[in-house]
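Asks: Sharing a structure here in structure tokens format.
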Amino acid sequence: MLMLPQPLFAQEAVIRDIEFPVDGLHTYSSSFGDPREGGRTHEGVDIFATKMTPLVAAVDGFVSLITFQERSWGNAVFLRDTDGYTYRYIHVNNDTPGTDDGLGGSLYAFPGTLVRGTPVVKGQLVGWVGDSGNAEEATPHLHFELRTPDGVAIDPFFSLQAATMRNTFDPQAAILRAPTINHDRDLSLSGETLFCSPGSLITAPSTDAVYYCGADGKRYVFPTSKVYFSWYENFSDVVEIGDAILAQIPLGGNVRYRPGVRMIKIETDPKTYAVDKGGVLRWVTTPEIAASMYGKNWSQFIDDIAPTFFINYTIGEPITSPLS
């Protein structure tokens, strides 16, 4: 008798570096190993989303199998990565958009170029969410499986969760990651003579500028008042030092927006960015995602910055999933 590989229900977390397979609003939870009809167990995770939400390749690899209207799976596509792991996308759409007619055919299931053996790259469109196969009476969703090179089903929840964390942004967590400018810039104490107290705010009689004294003994400039007020409520802690002392403190650079407090836009770029630790800008890809992070009045949390200050930041991963 043929022995099929058995799923690993009692296992240590296996985390594969994947792109989240549903590119749009979605919900999911840990359901691997849950009981199913006929004594079966659930060998994947169901990711619920509206029909025709794009499905993207979780990994670089190739299409190892593509099916149309298989009795249980319905429309499905399997991807295999270079390590031999397989990622199964099951219940892909089979309907004409806006209907539940089952007449969508391949046109509304997969991109026309997708066939068995087709190479894919992480993030590439591979299909659309649906309810084909034995999901016809259920809420539209992607049944997503992860299998080892020898075909054993393992819980994909941990990999999905890791991908979700990369694709989302929590402003409060970002604020906690950078409690001070020293933390944001990863500054450490210098062994040289310091002319200001690390972490203090300083100015001098000859200037209206306020500087941050870094742990490295350098002074950091607040390029605008908006940047200053992302870190401080007022100027009550600013200490005046002599001009001669200020002159001995080397400039270290510009202070960046405190992570999580505000979103920013560059005057020459239509995209809105969240600010993460270390001056990493993460594109907020939809208004719905912005609202999940900053509430219905999210547009009031955006500041415009001049292109000349753009060099203080770097571009990171886009935010493609809402904050739950």
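Numbering starts fresh at 1 for the residues of each chain in the structure tokens, the chains themselves are lettered A, B, ... in the order given, and ligands are numbered from 1 as they appear.
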Show which residues sit within 10 Å of Glu288 of chain A, as a list in words. Count only C-alpha atoms, and ignore same-chain residues fewer than 3 positions away.

Replies: Leu25, Val284, Thr285, Ala291, Ser292, Met293, Gly295, Lys296, Trp298, Ser321, Pro322 and Leu323 of chain A

Asks: Might you pull out every residue within 9 Å of segment 188-195 of chain A, with only C-alpha atoms counted and same-chain residues fewer than 4 positions away left off, and present them as a ChimeraX atom specification?

Replies: /A:182-183,214-218,245-246,248-249

Asks: Neighbours of Pro223 of chain A within 10 Å (only C-alpha atoms; same-chain residues fewer than 4 positions away dropped), as a PyMOL selection string?

Replies: chain A and resi 209-211+227-228+253-257+305+309

Asks: Any chance you can output those residues with C-alpha atoms as a tab-separated table (two decimals), in the first residue's frame?

Replies:
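This is the output file selection.tsv:
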```
chain	number	residue	atom	x	y	z
A	209	ALA	CA	19.48	76.56	16.79
A	210	VAL	CA	18.96	73.72	19.24
A	211	TYR	CA	21.21	70.67	19.09
A	227	VAL	CA	11.35	67.10	13.55
A	228	TYR	CA	12.07	68.60	16.97
A	253	GLY	CA	24.48	65.31	11.20
A	254	ASN	CA	20.74	65.93	11.16
A	255	VAL	CA	18.22	64.51	13.60
A	256	ARG	CA	15.56	62.44	11.82
A	257	TYR	CA	11.87	62.16	12.65
A	305	ILE	CA	9.85	67.36	3.91
A	309	PHE	CA	16.61	66.23	3.72
```

Asks: Enumerate, as a VMD selection string, the complete set of residues in segment 92-298 of chain A that a backbone-based DSSP assignment places in strand (DSSP E).

Replies: chain A and resid 92 119 to 120 125 to 128 141 to 147 153 to 154 201 to 203 211 to 213 219 to 221 238 to 240 251 to 254 263 to 266 272 to 276 280 to 283

Asks: As a ChimeraX atom specification, please: the residues near Val63 of chain A (cut-off 12 Å, only C-alpha atoms, same-chain neighbours under 6 positions excluded).

Replies: /A:57,76-82,84-89,110,113-121,124,126

Asks: If we count only C-alpha atoms, what is near Ser206 of chain A at a cut-off of 12 Å, once residues fewer than 5 positions away on the same chain are taken out, given as a VMD selection string?

Replies: chain A and resid 240 to 247

Asks: If you keep C-alpha atoms, can you produce a file of those selected residues as a PDB file, in the first residue's frame?

Replies:
```pdb
ATOM      1  CA  GLU A 240      22.559  77.188  27.042  1.00  0.00           C
ATOM      2  CA  ILE A 241      26.312  76.735  26.841  1.00  0.00           C
ATOM      3  CA  GLY A 242      29.030  79.167  25.792  1.00  0.00           C
ATOM      4  CA  ASP A 243      29.787  79.833  22.135  1.00  0.00           C
ATOM      5  CA  ALA A 244      33.384  78.704  22.616  1.00  0.00           C
ATOM      6  CA  ILE A 245      32.266  75.365  24.057  1.00  0.00           C
ATOM      7  CA  LEU A 246      29.706  74.868  21.289  1.00  0.00           C
ATOM      8  CA  ALA A 247      32.421  75.449  18.707  1.00  0.00           C
TER       9      ALA A 247
END
```

Asks: In Å to one decimal, how far is atom CA of Val56 of chain A from atom CA of Gly123 of chain A?

Replies: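 Atom-to-atom, atom CA of Gly123 of chain A and atom CA of Val56 of chain A are spaced 5.0 Å apart.
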
Asks: Find, counting only C-alpha atoms, the residue in A:Tyr313, A:Phe144, A:Trp128, A:Phe301 that gets nearest to Lys51 of chain A.

Replies: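 Among the listed residues, the smallest separation from Lys51 of chain A belongs to A:Trp128.
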
Asks: Tell me, as a ChimeraX atom specification, which residues lie within 7 Å of Asp46 of chain A, counting only C-alpha atoms; anything in the same chain fewer than 5 positions away does not count.

Replies: /A:28,141-144

Asks: Kindly export the residues of the current selection with N, CA and C atoms, as a compact mmCIF listing (two decimals), in the first residue's frame.

Replies:
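Once written, selection_28.txt looks like this:
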```
# COMPACT_ATOMS: atom_id res chain seq x y z
N TYR A 28 -6.27 35.82 8.98
CA TYR A 28 -5.89 34.41 9.10
C TYR A 28 -5.57 34.11 10.55
N HIS A 141 -11.27 32.18 0.23
CA HIS A 141 -10.00 32.17 0.97
C HIS A 141 -8.94 31.43 0.17
N LEU A 142 -7.71 31.65 0.56
CA LEU A 142 -6.60 30.85 0.05
C LEU A 142 -6.24 29.81 1.10
N HIS A 143 -6.28 28.55 0.71
CA HIS A 143 -5.73 27.49 1.55
C HIS A 143 -4.26 27.38 1.17
N PHE A 144 -3.38 27.72 2.13
CA PHE A 144 -1.95 27.81 1.86
C PHE A 144 -1.22 26.72 2.62
```

Asks: Taking only segment 8-176 of chain A into account, list the residues labelled alpha helix (DSSP H) by DSSP (computed from the backbone), as an NGL selection string.

Replies: :A and (157-167 or 171-176)
